[in-house]
file protein_18.pdb (PDB, C-alpha atoms)
ATOM      1  CA  MET A  22       0.000   0.000   0.000  1.00  0.00           C
ATOM      2  CA  LEU A  23       2.816   2.385   0.861  1.00  0.00           C
ATOM      3  CA  THR A  24       4.311   1.920  -2.608  1.00  0.00           C
ATOM      4  CA  ILE A  25       1.002   2.774  -4.287  1.00  0.00           C
ATOM      5  CA  PHE A  26       0.537   5.740  -1.931  1.00  0.00           C
ATOM      6  CA  GLN A  27       3.993   7.148  -2.732  1.00  0.00           C
ATOM      7  CA  LYS A  28       3.461   6.596  -6.461  1.00  0.00           C
ATOM      8  CA  GLU A  29       0.150   8.456  -6.381  1.00  0.00           C
ATOM      9  CA  ILE A  30       1.577  11.357  -4.376  1.00  0.00           C
ATOM     10  CA  ARG A  31       4.472  11.729  -6.823  1.00  0.00           C
ATOM     11  CA  SER A  32       2.026  11.545  -9.711  1.00  0.00           C
ATOM     12  CA  PHE A  33      -0.201  14.213  -8.177  1.00  0.00           C
ATOM     13  CA  LEU A  34       2.672  16.565  -7.387  1.00  0.00           C
ATOM     14  CA  SER A  35       4.131  16.195 -10.878  1.00  0.00           C
ATOM     15  CA  SER A  36       0.774  17.012 -12.455  1.00  0.00           C
ATOM     16  CA  LEU A  37      -0.215  20.593 -13.209  1.00  0.00           C
ATOM     17  CA  ILE A  38      -3.873  19.880 -12.520  1.00  0.00           C
ATOM     18  CA  ALA A  39      -3.191  19.223  -8.811  1.00  0.00           C
ATOM     19  CA  TYR A  40      -1.683  22.698  -8.371  1.00  0.00           C
ATOM     20  CA  VAL A  41      -4.393  24.335 -10.467  1.00  0.00           C
ATOM     21  CA  VAL A  42      -7.271  22.865  -8.480  1.00  0.00           C
ATOM     22  CA  LEU A  43      -5.546  23.683  -5.169  1.00  0.00           C
ATOM     23  CA  ILE A  44      -5.025  27.302  -6.222  1.00  0.00           C
ATOM     24  CA  VAL A  45      -8.583  27.617  -7.543  1.00  0.00           C
ATOM     25  CA  PHE A  46     -10.014  26.126  -4.344  1.00  0.00           C
ATOM     26  CA  LEU A  47      -8.021  28.383  -2.004  1.00  0.00           C
ATOM     27  CA  THR A  48      -8.637  31.449  -4.174  1.00  0.00           C
ATOM     28  CA  GLY A  49     -12.359  30.720  -4.211  1.00  0.00           C
ATOM     29  CA  ILE A  50     -12.524  30.295  -0.431  1.00  0.00           C
ATOM     30  CA  GLY A  51     -10.450  33.449   0.094  1.00  0.00           C
ATOM     31  CA  ALA A  52     -12.733  35.459  -2.176  1.00  0.00           C
ATOM     32  CA  PHE A  53     -15.851  34.367  -0.289  1.00  0.00           C
ATOM     33  CA  VAL A  54     -14.279  35.018   3.126  1.00  0.00           C
ATOM     34  CA  TRP A  55     -12.627  38.391   2.450  1.00  0.00           C
ATOM     35  CA  LEU A  56     -13.975  39.938  -0.767  1.00  0.00           C
ATOM     36  CA  PHE A  57     -17.538  39.129  -1.826  1.00  0.00           C
ATOM     37  CA  PRO A  58     -19.970  41.640  -0.267  1.00  0.00           C
ATOM     38  CA  ASP A  59     -22.611  39.153   0.864  1.00  0.00           C
ATOM     39  CA  THR A  60     -20.254  36.687   2.548  1.00  0.00           C
ATOM     40  CA  ASN A  61     -17.055  38.453   3.644  1.00  0.00           C
ATOM     41  CA  VAL A  62     -16.234  38.429   7.348  1.00  0.00           C
ATOM     42  CA  LEU A  63     -15.479  42.156   7.594  1.00  0.00           C
ATOM     43  CA  ASP A  64     -18.985  43.170   6.512  1.00  0.00           C
ATOM     44  CA  TYR A  65     -20.672  40.260   8.269  1.00  0.00           C
ATOM     45  CA  GLY A  66     -19.616  41.608  11.663  1.00  0.00           C
ATOM     46  CA  PHE A  67     -19.231  38.279  13.454  1.00  0.00           C
ATOM     47  CA  ALA A  68     -15.941  36.561  14.261  1.00  0.00           C
ATOM     48  CA  ASP A  69     -16.632  33.107  12.880  1.00  0.00           C
ATOM     49  CA  MET A  70     -15.633  30.891   9.964  1.00  0.00           C
ATOM     50  CA  ASP A  71     -19.131  29.926   8.905  1.00  0.00           C
ATOM     51  CA  THR A  72     -18.437  31.096   5.351  1.00  0.00           C
ATOM     52  CA  VAL A  73     -15.496  28.689   4.978  1.00  0.00           C
ATOM     53  CA  PHE A  74     -17.464  25.668   6.157  1.00  0.00           C
ATOM     54  CA  ARG A  75     -20.613  26.617   4.282  1.00  0.00           C
ATOM     55  CA  ILE A  76     -18.913  27.218   0.919  1.00  0.00           C
ATOM     56  CA  SER A  77     -16.206  24.516   1.021  1.00  0.00           C
ATOM     57  CA  PRO A  78     -18.563  21.547   0.364  1.00  0.00           C
ATOM     58  CA  TYR A  79     -19.701  23.124  -2.908  1.00  0.00           C
ATOM     59  CA  LEU A  80     -16.117  23.805  -3.984  1.00  0.00           C
ATOM     60  CA  PHE A  81     -15.268  20.220  -2.995  1.00  0.00           C
ATOM     61  CA  LEU A  82     -17.879  19.074  -5.529  1.00  0.00           C
ATOM     62  CA  PHE A  83     -15.490  20.290  -8.256  1.00  0.00           C
ATOM     63  CA  PHE A  84     -12.132  20.039  -6.491  1.00  0.00           C
ATOM     64  CA  ILE A  85     -12.212  16.415  -5.343  1.00  0.00           C
ATOM     65  CA  PRO A  86     -13.579  14.812  -8.550  1.00  0.00           C
ATOM     66  CA  ALA A  87     -10.830  16.728 -10.394  1.00  0.00           C
ATOM     67  CA  ILE A  88      -8.066  15.133  -8.323  1.00  0.00           C
ATOM     68  CA  THR A  89      -9.559  11.629  -8.212  1.00  0.00           C
ATOM     69  CA  MET A  90     -10.745  11.324 -11.819  1.00  0.00           C
ATOM     70  CA  ARG A  91      -7.380   9.966 -12.975  1.00  0.00           C
ATOM     71  CA  SER A  92      -6.939   7.410 -10.171  1.00  0.00           C
ATOM     72  CA  PHE A  93      -8.038   4.347 -12.141  1.00  0.00           C
ATOM     73  CA  ALA A  94      -9.277   5.946 -15.378  1.00  0.00           C
ATOM     74  CA  GLU A  95      -5.758   6.893 -16.469  1.00  0.00           C
ATOM     75  CA  GLU A  96      -4.426   3.451 -15.531  1.00  0.00           C
ATOM     76  CA  LYS A  97      -7.052   1.881 -17.783  1.00  0.00           C
ATOM     77  CA  LYS A  98      -6.488   4.283 -20.651  1.00  0.00           C
ATOM     78  CA  THR A  99      -2.687   3.918 -20.672  1.00  0.00           C
ATOM     79  CA  GLY A 100      -2.850   0.150 -20.201  1.00  0.00           C
ATOM     80  CA  THR A 101      -0.902   0.179 -16.930  1.00  0.00           C
ATOM     81  CA  MET A 102      -3.821  -1.341 -15.009  1.00  0.00           C
ATOM     82  CA  GLU A 103      -2.736  -4.864 -15.969  1.00  0.00           C
ATOM     83  CA  LEU A 104       0.799  -4.072 -14.857  1.00  0.00           C
ATOM     84  CA  LEU A 105      -0.541  -2.744 -11.569  1.00  0.00           C
ATOM     85  CA  PHE A 106      -2.352  -6.003 -10.909  1.00  0.00           C
ATOM     86  CA  THR A 107       0.825  -8.006 -11.497  1.00  0.00           C
ATOM     87  CA  LEU A 108       2.497  -6.302  -8.532  1.00  0.00           C
ATOM     88  CA  PRO A 109       2.624  -8.287  -5.266  1.00  0.00           C
ATOM     89  CA  VAL A 110      -0.152  -6.175  -3.724  1.00  0.00           C
ATOM     90  CA  ARG A 111      -3.789  -6.936  -3.052  1.00  0.00           C
ATOM     91  CA  ASP A 112      -6.694  -4.985  -4.503  1.00  0.00           C
ATOM     92  CA  TRP A 113      -7.411  -3.419  -1.106  1.00  0.00           C
ATOM     93  CA  GLU A 114      -3.843  -2.122  -0.885  1.00  0.00           C
ATOM     94  CA  ILE A 115      -4.157  -0.500  -4.316  1.00  0.00           C
ATOM     95  CA  ILE A 116      -7.499   1.089  -3.410  1.00  0.00           C
ATOM     96  CA  LEU A 117      -6.371   2.340  -0.004  1.00  0.00           C
ATOM     97  CA  GLY A 118      -3.098   3.672  -1.431  1.00  0.00           C
ATOM     98  CA  LYS A 119      -4.982   5.758  -4.003  1.00  0.00           C
ATOM     99  CA  PHE A 120      -7.640   6.801  -1.481  1.00  0.00           C
ATOM    100  CA  LEU A 121      -5.089   7.994   1.097  1.00  0.00           C
ATOM    101  CA  ALA A 122      -3.114   9.876  -1.565  1.00  0.00           C
ATOM    102  CA  GLY A 123      -6.263  11.736  -2.603  1.00  0.00           C
ATOM    103  CA  LEU A 124      -7.042  12.412   1.035  1.00  0.00           C
ATOM    104  CA  VAL A 125      -3.593  13.978   1.529  1.00  0.00           C
ATOM    105  CA  LEU A 126      -4.382  16.492  -1.223  1.00  0.00           C
ATOM    106  CA  VAL A 127      -7.695  17.287   0.453  1.00  0.00           C
ATOM    107  CA  LEU A 128      -5.805  17.893   3.692  1.00  0.00           C
ATOM    108  CA  LEU A 129      -3.315  20.132   1.868  1.00  0.00           C
ATOM    109  CA  ALA A 130      -6.252  22.173   0.599  1.00  0.00           C
ATOM    110  CA  ILE A 131      -7.804  22.522   4.058  1.00  0.00           C
ATOM    111  CA  LEU A 132      -4.673  23.318   6.082  1.00  0.00           C
ATOM    112  CA  PRO A 133      -3.994  26.809   4.613  1.00  0.00           C
ATOM    113  CA  THR A 134      -7.446  27.941   5.738  1.00  0.00           C
ATOM    114  CA  ILE A 135      -6.161  27.783   9.334  1.00  0.00           C
ATOM    115  CA  LEU A 136      -4.622  31.171   8.491  1.00  0.00           C
ATOM    116  CA  TYR A 137      -8.176  32.484   8.217  1.00  0.00           C
ATOM    117  CA  TYR A 138      -8.882  31.246  11.735  1.00  0.00           C
ATOM    118  CA  TYR A 139      -5.785  33.047  13.010  1.00  0.00           C
ATOM    119  CA  SER A 140      -6.741  36.261  11.194  1.00  0.00           C
ATOM    120  CA  ILE A 141     -10.319  36.209  12.470  1.00  0.00           C
ATOM    121  CA  TYR A 142      -9.034  35.380  15.965  1.00  0.00           C
ATOM    122  CA  GLN A 143      -6.861  38.509  15.864  1.00  0.00           C
ATOM    123  CA  LEU A 144      -9.615  40.698  14.404  1.00  0.00           C
ATOM    124  CA  GLY A 145     -12.214  39.713  17.001  1.00  0.00           C
ATOM    125  CA  GLU A 146     -13.372  42.236  19.589  1.00  0.00           C
ATOM    126  CA  PRO A 147     -12.159  41.334  22.097  1.00  0.00           C
ATOM    127  CA  MET A 148      -9.289  39.413  20.525  1.00  0.00           C
ATOM    128  CA  GLY A 149     -10.018  35.684  20.458  1.00  0.00           C
ATOM    129  CA  ASN A 150     -13.780  36.185  20.319  1.00  0.00           C
ATOM    130  CA  ILE A 151     -14.365  33.123  18.152  1.00  0.00           C
ATOM    131  CA  ASP A 152     -15.948  29.748  18.897  1.00  0.00           C
ATOM    132  CA  THR A 153     -12.791  27.609  18.827  1.00  0.00           C
ATOM    133  CA  ALA A 154     -14.554  24.379  19.799  1.00  0.00           C
ATOM    134  CA  GLY A 155     -17.136  24.850  17.063  1.00  0.00           C
ATOM    135  CA  THR A 156     -14.367  25.639  14.567  1.00  0.00           C
ATOM    136  CA  ILE A 157     -12.483  22.450  15.457  1.00  0.00           C
ATOM    137  CA  GLY A 158     -15.696  20.446  15.052  1.00  0.00           C
ATOM    138  CA  SER A 159     -16.307  22.082  11.684  1.00  0.00           C
ATOM    139  CA  TYR A 160     -12.784  21.183  10.528  1.00  0.00           C
ATOM    140  CA  ILE A 161     -13.364  17.568  11.562  1.00  0.00           C
ATOM    141  CA  GLY A 162     -16.639  17.557   9.646  1.00  0.00           C
ATOM    142  CA  LEU A 163     -15.022  19.124   6.574  1.00  0.00           C
ATOM    143  CA  PHE A 164     -12.215  16.554   6.597  1.00  0.00           C
ATOM    144  CA  LEU A 165     -14.712  13.688   6.890  1.00  0.00           C
ATOM    145  CA  LEU A 166     -16.753  15.208   4.074  1.00  0.00           C
ATOM    146  CA  GLY A 167     -13.592  15.359   1.962  1.00  0.00           C
ATOM    147  CA  ALA A 168     -12.893  11.704   2.789  1.00  0.00           C
ATOM    148  CA  VAL A 169     -16.382  10.684   1.635  1.00  0.00           C
ATOM    149  CA  PHE A 170     -16.081  12.669  -1.612  1.00  0.00           C
ATOM    150  CA  THR A 171     -12.628  11.146  -2.206  1.00  0.00           C
ATOM    151  CA  SER A 172     -13.985   7.615  -1.798  1.00  0.00           C
ATOM    152  CA  ILE A 173     -16.805   8.455  -4.239  1.00  0.00           C
ATOM    153  CA  GLY A 174     -14.275   9.883  -6.704  1.00  0.00           C
ATOM    154  CA  ILE A 175     -12.140   6.732  -6.474  1.00  0.00           C
ATOM    155  CA  PHE A 176     -15.210   4.592  -7.134  1.00  0.00           C
ATOM    156  CA  ALA A 177     -16.278   6.720 -10.118  1.00  0.00           C
ATOM    157  CA  SER A 178     -12.768   6.499 -11.583  1.00  0.00           C
ATOM    158  CA  SER A 179     -12.839   2.706 -11.362  1.00  0.00           C
ATOM    159  CA  LEU A 180     -15.917   2.571 -13.595  1.00  0.00           C
ATOM    160  CA  THR A 181     -14.426   4.166 -16.713  1.00  0.00           C
ATOM    161  CA  GLU A 182     -11.229   4.876 -18.596  1.00  0.00           C
ATOM    162  CA  ASN A 183     -12.364   8.381 -19.521  1.00  0.00           C
ATOM    163  CA  GLN A 184     -11.301  11.017 -16.989  1.00  0.00           C
ATOM    164  CA  ILE A 185     -14.032  13.479 -18.001  1.00  0.00           C
ATOM    165  CA  THR A 186     -16.690  10.808 -17.570  1.00  0.00           C
ATOM    166  CA  SER A 187     -15.171   9.973 -14.191  1.00  0.00           C
ATOM    167  CA  PHE A 188     -15.306  13.649 -13.159  1.00  0.00           C
ATOM    168  CA  ILE A 189     -18.950  14.072 -14.185  1.00  0.00           C
ATOM    169  CA  LEU A 190     -20.013  10.835 -12.513  1.00  0.00           C
ATOM    170  CA  ALA A 191     -18.162  11.698  -9.285  1.00  0.00           C
ATOM    171  CA  PHE A 192     -19.645  15.206  -9.273  1.00  0.00           C
ATOM    172  CA  PHE A 193     -23.151  13.822  -9.754  1.00  0.00           C
ATOM    173  CA  LEU A 194     -22.788  11.179  -7.026  1.00  0.00           C
ATOM    174  CA  CYS A 195     -21.230  13.643  -4.573  1.00  0.00           C
ATOM    175  CA  PHE A 196     -24.018  16.155  -5.167  1.00  0.00           C
ATOM    176  CA  ILE A 197     -26.747  13.541  -4.752  1.00  0.00           C
ATOM    177  CA  ILE A 198     -25.342  12.143  -1.523  1.00  0.00           C
ATOM    178  CA  TYR A 199     -24.540  15.593  -0.137  1.00  0.00           C
ATOM    179  CA  GLN A 200     -27.653  17.574  -0.953  1.00  0.00           C
ATOM    180  CA  GLY A 201     -29.974  15.378  -3.001  1.00  0.00           C
ATOM    181  CA  PHE A 202     -31.652  13.725  -0.024  1.00  0.00           C
ATOM    182  CA  GLY A 203     -32.047  17.099   1.656  1.00  0.00           C
ATOM    183  CA  LEU A 204     -33.808  18.471  -1.407  1.00  0.00           C
ATOM    184  CA  LEU A 205     -36.163  15.494  -1.481  1.00  0.00           C
ATOM    185  CA  SER A 206     -36.928  15.952   2.206  1.00  0.00           C
ATOM    186  CA  SER A 207     -37.881  19.608   1.636  1.00  0.00           C
ATOM    187  CA  PHE A 208     -41.252  18.563   0.251  1.00  0.00           C
ATOM    188  CA  ASP A 209     -44.071  18.745   2.764  1.00  0.00           C
ATOM    189  CA  ASP A 210     -44.658  15.380   4.346  1.00  0.00           C
ATOM    190  CA  SER A 211     -46.794  14.570   7.361  1.00  0.00           C
ATOM    191  CA  THR A 212     -45.650  10.944   7.602  1.00  0.00           C
ATOM    192  CA  GLY A 213     -42.138  11.673   8.865  1.00  0.00           C
ATOM    193  CA  VAL A 214     -40.483  10.216   5.761  1.00  0.00           C
ATOM    194  CA  SER A 215     -38.904  13.598   4.960  1.00  0.00           C
ATOM    195  CA  TYR A 216     -36.897  13.552   8.182  1.00  0.00           C
ATOM    196  CA  ILE A 217     -35.689  10.012   7.467  1.00  0.00           C
ATOM    197  CA  LEU A 218     -34.683  10.996   3.931  1.00  0.00           C
ATOM    198  CA  MET A 219     -32.788  14.011   5.261  1.00  0.00           C
ATOM    199  CA  GLN A 220     -30.718  11.747   7.520  1.00  0.00           C
ATOM    200  CA  PHE A 221     -29.521   9.763   4.506  1.00  0.00           C
ATOM    201  CA  GLY A 222     -27.735  12.856   3.165  1.00  0.00           C
ATOM    202  CA  ILE A 223     -24.289  14.077   4.202  1.00  0.00           C
ATOM    203  CA  GLU A 224     -25.533  17.641   4.624  1.00  0.00           C
ATOM    204  CA  TYR A 225     -27.542  16.665   7.722  1.00  0.00           C
ATOM    205  CA  HIS A 226     -24.621  14.940   9.475  1.00  0.00           C
ATOM    206  CA  TYR A 227     -22.116  17.566   8.355  1.00  0.00           C
ATOM    207  CA  GLY A 228     -24.378  20.277   9.735  1.00  0.00           C
ATOM    208  CA  THR A 229     -24.545  18.501  13.093  1.00  0.00           C
ATOM    209  CA  ILE A 230     -20.758  18.236  13.400  1.00  0.00           C
ATOM    210  CA  ARG A 231     -20.402  21.908  12.373  1.00  0.00           C
ATOM    211  CA  LYS A 232     -22.210  22.816  15.576  1.00  0.00           C
ATOM    212  CA  GLY A 233     -19.376  21.221  17.534  1.00  0.00           C
ATOM    213  CA  LEU A 234     -21.419  18.115  18.362  1.00  0.00           C
ATOM    214  CA  ILE A 235     -19.221  15.114  17.576  1.00  0.00           C
ATOM    215  CA  ASP A 236     -21.846  12.369  17.755  1.00  0.00           C
ATOM    216  CA  SER A 237     -20.846   8.737  17.266  1.00  0.00           C
ATOM    217  CA  ARG A 238     -23.832   8.275  14.945  1.00  0.00           C
ATOM    218  CA  ASP A 239     -22.518  10.955  12.612  1.00  0.00           C
ATOM    219  CA  LEU A 240     -19.038   9.440  12.654  1.00  0.00           C
ATOM    220  CA  LEU A 241     -20.502   6.000  11.947  1.00  0.00           C
ATOM    221  CA  TYR A 242     -22.419   7.464   9.007  1.00  0.00           C
ATOM    222  CA  PHE A 243     -19.301   8.983   7.437  1.00  0.00           C
ATOM    223  CA  PHE A 244     -17.173   5.881   7.940  1.00  0.00           C
ATOM    224  CA  SER A 245     -19.961   3.651   6.583  1.00  0.00           C
ATOM    225  CA  ILE A 246     -20.249   5.667   3.359  1.00  0.00           C
ATOM    226  CA  ILE A 247     -16.455   5.622   2.910  1.00  0.00           C
ATOM    227  CA  PHE A 248     -16.310   1.855   3.455  1.00  0.00           C
ATOM    228  CA  LEU A 249     -19.260   1.265   1.105  1.00  0.00           C
ATOM    229  CA  MET A 250     -17.677   3.275  -1.714  1.00  0.00           C
ATOM    230  CA  LEU A 251     -14.309   1.577  -1.315  1.00  0.00           C
ATOM    231  CA  LEU A 252     -16.047  -1.811  -1.184  1.00  0.00           C
ATOM    232  CA  LEU A 253     -17.865  -1.004  -4.433  1.00  0.00           C
ATOM    233  CA  THR A 254     -14.503  -0.049  -5.949  1.00  0.00           C
ATOM    234  CA  LYS A 255     -13.099  -3.399  -4.799  1.00  0.00           C
ATOM    235  CA  THR A 256     -16.064  -5.133  -6.438  1.00  0.00           C
ATOM    236  CA  VAL A 257     -15.487  -3.290  -9.723  1.00  0.00           C
ATOM    237  CA  LEU A 258     -11.777  -4.190  -9.738  1.00  0.00           C
ATOM    238  CA  GLY A 259     -12.553  -7.768  -8.741  1.00  0.00           C
ATOM    239  CA  SER A 260     -14.924  -8.134 -11.709  1.00  0.00           C
ATOM    240  CA  ARG A 261     -11.857  -8.686 -13.958  1.00  0.00           C
ATOM    241  CA  LYS A 262     -11.598 -12.168 -12.450  1.00  0.00           C
ATOM    242  CA  TRP A 263     -15.181 -13.129 -13.264  1.00  0.00           C
TER     243      TRP A 263
END
call {"tool": "encode", "arguments": {"input": "protein_18.pdb", "output": "structure tokens"}}
result
Amino acid sequence: MLTIFQKEIRSFLSSLIAYVVLIVFLTGIGAFVWLFPDTNVLDYGFADMDTVFRISPYLFLFFIPAITMRSFAEEKKTGTMELLFTLPVRDWEIILGKFLAGLVLVLLAILPTILYYYSIYQLGEPMGNIDTAGTIGSYIGLFLLGAVFTSIGIFASSLTENQITSFILAFFLCFIIYQGFGLLSSFDDSTGVSYILMQFGIEYHYGTIRKGLIDSRDLLYFFSIIFLMLLLTKTVLGSRKW
């Protein structure tokens, strides 16, 4: 697994697209936090990072599929997939190596935003007037959200050899699982089904963790989705033996 992980990291860092999507993501977040009139912290008047954690999931919808779309699709297109399977590694090691490499890039995208926390901390009146516990919870939720999107992107990439198709499929799946159930639950329903539907979506669990409430049920939800997507990827890769 470590070999696959190192290979993927080197591949990411030698690719222009990794730097482009990182720059676009951080520029987009920075613009929403400091520049745009309806969302910037200076005009908002409250020392919090709600804008970062509210906007990031939507930027992740583009950012993460862009970095995961080549995971298996490129291997298939270039014909190196067969070579990969001849290595003395199991399918799970290949999948986890690629998943963890993608997750490292997600972490690299999130880490610079800590500078925003420091800036808002300094700008608060009085200084430090920011909900640190809630911010930490929101970072945990954002990282878990990134992990789920990465697992979905890995799965989408395993289904095709076309990177664009992989990107579109990953974007669609991420959107559906993030907000699709919430949209369905918005319809009036007196039977209670709407509330159940809402709980199937990531947005509900992400919103709970953003409040600083680290509930084991929310953690179980995130880890279950990650495991399911990686298991589906394993099934797709294992289909070559059928």
call {"tool": "closest_residue", "arguments": {"input": "protein_18.pdb", "among": "A:His226, A:Lys255, A:Lys28, A:Lys119", "to": "Leu240 in chain A", "atoms": "only C-alpha atoms"}}
result
A:His226
call {"tool": "closest_residue", "arguments": {"input": "protein_18.pdb", "among": "A:Phe106, A:Phe93, A:Phe74, A:Phe120", "to": "Gln27 in chain A", "atoms": "all atoms listed in the file"}}
result
A:Phe120
call {"tool": "resolve_selection", "arguments": {"input": "protein_18.pdb", "expression": "the PyMOL selection byres ((chain A and resi 46) around 9)", "output": "VMD selection string"}}
result
chain A and resid 41 to 45 47 to 51 77 80 to 81 83 to 84 130
call {"tool": "resolve_selection", "arguments": {"input": "protein_18.pdb", "expression": "the PyMOL selection byres ((chain A and resi 131-139) around 10)", "output": "short mmCIF file (atom, residue, chain, number, x, y, z; two decimals) with C-alpha atoms, in the coordinates of the input"}}
result
data_model
loop_
_atom_site.label_atom_id
_atom_site.label_comp_id
_atom_site.auth_asym_id
_atom_site.auth_seq_id
_atom_site.Cartn_x
_atom_site.Cartn_y
_atom_site.Cartn_z
CA LEU A 43 -5.55 23.68 -5.17
CA PHE A 46 -10.01 26.13 -4.34
CA LEU A 47 -8.02 28.38 -2.00
CA ILE A 50 -12.52 30.30 -0.43
CA GLY A 51 -10.45 33.45 0.09
CA VAL A 54 -14.28 35.02 3.13
CA TRP A 55 -12.63 38.39 2.45
CA ALA A 68 -15.94 36.56 14.26
CA ASP A 69 -16.63 33.11 12.88
CA MET A 70 -15.63 30.89 9.96
CA VAL A 73 -15.50 28.69 4.98
CA SER A 77 -16.21 24.52 1.02
CA VAL A 125 -3.59 13.98 1.53
CA LEU A 126 -4.38 16.49 -1.22
CA VAL A 127 -7.70 17.29 0.45
CA LEU A 128 -5.80 17.89 3.69
CA LEU A 129 -3.32 20.13 1.87
CA ALA A 130 -6.25 22.17 0.60
CA SER A 140 -6.74 36.26 11.19
CA ILE A 141 -10.32 36.21 12.47
CA TYR A 142 -9.03 35.38 15.96
CA GLN A 143 -6.86 38.51 15.86
CA LEU A 144 -9.62 40.70 14.40
CA GLY A 149 -10.02 35.68 20.46
CA ILE A 151 -14.36 33.12 18.15
CA THR A 153 -12.79 27.61 18.83
CA THR A 156 -14.37 25.64 14.57
CA TYR A 160 -12.78 21.18 10.53
CA LEU A 163 -15.02 19.12 6.57
CA PHE A 164 -12.22 16.55 6.60
CA GLY A 167 -13.59 15.36 1.96
#
call {"tool": "residues_around", "arguments": {"input": "protein_18.pdb", "residues": "Phe221 in chain A", "least_positions_apart": "5", "cutoff": "10 Å", "atoms": "all atoms listed in the file", "output": "short mmCIF file (atom, residue, chain, number, x, y, z; two decimals) with C-alpha atoms, in the frame of the given file"}}
result
data_model
loop_
_atom_site.label_atom_id
_atom_site.label_comp_id
_atom_site.auth_asym_id
_atom_site.auth_seq_id
_atom_site.Cartn_x
_atom_site.Cartn_y
_atom_site.Cartn_z
CA ILE A 198 -25.34 12.14 -1.52
CA TYR A 199 -24.54 15.59 -0.14
CA GLN A 200 -27.65 17.57 -0.95
CA GLY A 201 -29.97 15.38 -3.00
CA PHE A 202 -31.65 13.72 -0.02
CA GLY A 203 -32.05 17.10 1.66
CA SER A 206 -36.93 15.95 2.21
CA TYR A 216 -36.90 13.55 8.18
CA HIS A 226 -24.62 14.94 9.48
CA TYR A 242 -22.42 7.46 9.01
#
call {"tool": "atom_distance", "arguments": {"input": "protein_18.pdb", "atom1": "CA of Arg31 in chain A", "atom2": "CA of Leu124 in chain A"}}
result
14.0 Å
call {"tool": "residues_around", "arguments": {"input": "protein_18.pdb", "residues": "Ile25 in chain A", "least_positions_apart": "4", "cutoff": "12 Å", "atoms": "all atoms listed in the file", "output": "PDB file with C-alpha atoms, keeping the file's coordinate frame"}}
result
ATOM      1  CA  GLU A  29       0.150   8.456  -6.381  1.00  0.00           C
ATOM      2  CA  ILE A  30       1.577  11.357  -4.376  1.00  0.00           C
ATOM      3  CA  ARG A  31       4.472  11.729  -6.823  1.00  0.00           C
ATOM      4  CA  SER A  32       2.026  11.545  -9.711  1.00  0.00           C
ATOM      5  CA  SER A  92      -6.939   7.410 -10.171  1.00  0.00           C
ATOM      6  CA  LEU A 105      -0.541  -2.744 -11.569  1.00  0.00           C
ATOM      7  CA  PHE A 106      -2.352  -6.003 -10.909  1.00  0.00           C
ATOM      8  CA  LEU A 108       2.497  -6.302  -8.532  1.00  0.00           C
ATOM      9  CA  PRO A 109       2.624  -8.287  -5.266  1.00  0.00           C
ATOM     10  CA  VAL A 110      -0.152  -6.175  -3.724  1.00  0.00           C
ATOM     11  CA  ARG A 111      -3.789  -6.936  -3.052  1.00  0.00           C
ATOM     12  CA  ASP A 112      -6.694  -4.985  -4.503  1.00  0.00           C
ATOM     13  CA  TRP A 113      -7.411  -3.419  -1.106  1.00  0.00           C
ATOM     14  CA  GLU A 114      -3.843  -2.122  -0.885  1.00  0.00           C
ATOM     15  CA  ILE A 115      -4.157  -0.500  -4.316  1.00  0.00           C
ATOM     16  CA  ILE A 116      -7.499   1.089  -3.410  1.00  0.00           C
ATOM     17  CA  LEU A 117      -6.371   2.340  -0.004  1.00  0.00           C
ATOM     18  CA  GLY A 118      -3.098   3.672  -1.431  1.00  0.00           C
ATOM     19  CA  LYS A 119      -4.982   5.758  -4.003  1.00  0.00           C
ATOM     20  CA  PHE A 120      -7.640   6.801  -1.481  1.00  0.00           C
ATOM     21  CA  LEU A 121      -5.089   7.994   1.097  1.00  0.00           C
ATOM     22  CA  ALA A 122      -3.114   9.876  -1.565  1.00  0.00           C
ATOM     23  CA  GLY A 123      -6.263  11.736  -2.603  1.00  0.00           C
TER      24      GLY A 123
END
call {"tool": "atom_distance", "arguments": {"input": "protein_18.pdb", "atom1": "CA of Pro78 in chain A", "atom2": "CA of Leu218 in chain A"}}
result
19.6 Å
call {"tool": "atom_distance", "arguments": {"input": "protein_18.pdb", "atom1": "CA of Asn183 in chain A", "atom2": "CA of Ile246 in chain A"}}
result
24.4 Å
call {"tool": "closest_residue", "arguments": {"input": "protein_18.pdb", "among": "A:Thr186, A:Leu180, A:Ile217, A:Val62", "to": "Lys97 in chain A", "atoms": "all atoms listed in the file"}}
result
A:Leu180
call {"tool": "residues_around", "arguments": {"input": "protein_18.pdb", "residues": "Thr256 in chain A", "least_positions_apart": "3", "cutoff": "12 Å", "atoms": "all atoms listed in the file", "output": "PyMOL selection string"}}
result
chain A and resi 112-113+116+176+179-180+249-253+259-263
call {"tool": "build_atoms", "arguments": {"input": "protein_18.pdb", "residues": "range 191-196 of chain A", "atoms": "N, CA and C atoms", "output": "CSV table (one decimal), keeping the file's coordinate frame"}}
result
chain,number,residue,atom,x,y,z
A,191,ALA,N,-18.5,11.4,-10.7
A,191,ALA,CA,-18.2,11.7,-9.3
A,191,ALA,C,-18.9,12.9,-8.8
A,192,PHE,N,-18.9,14.0,-9.6
A,192,PHE,CA,-19.6,15.2,-9.3
A,192,PHE,C,-21.1,14.9,-9.0
A,193,PHE,N,-21.7,14.1,-9.9
A,193,PHE,CA,-23.2,13.8,-9.8
A,193,PHE,C,-23.4,13.0,-8.5
A,194,LEU,N,-22.6,12.0,-8.2
A,194,LEU,CA,-22.8,11.2,-7.0
A,194,LEU,C,-22.6,12.0,-5.7
A,195,CYS,N,-21.5,12.8,-5.8
A,195,CYS,CA,-21.2,13.6,-4.6
A,195,CYS,C,-22.4,14.6,-4.3
A,196,PHE,N,-22.9,15.2,-5.3
A,196,PHE,CA,-24.0,16.2,-5.2
A,196,PHE,C,-25.3,15.4,-4.6
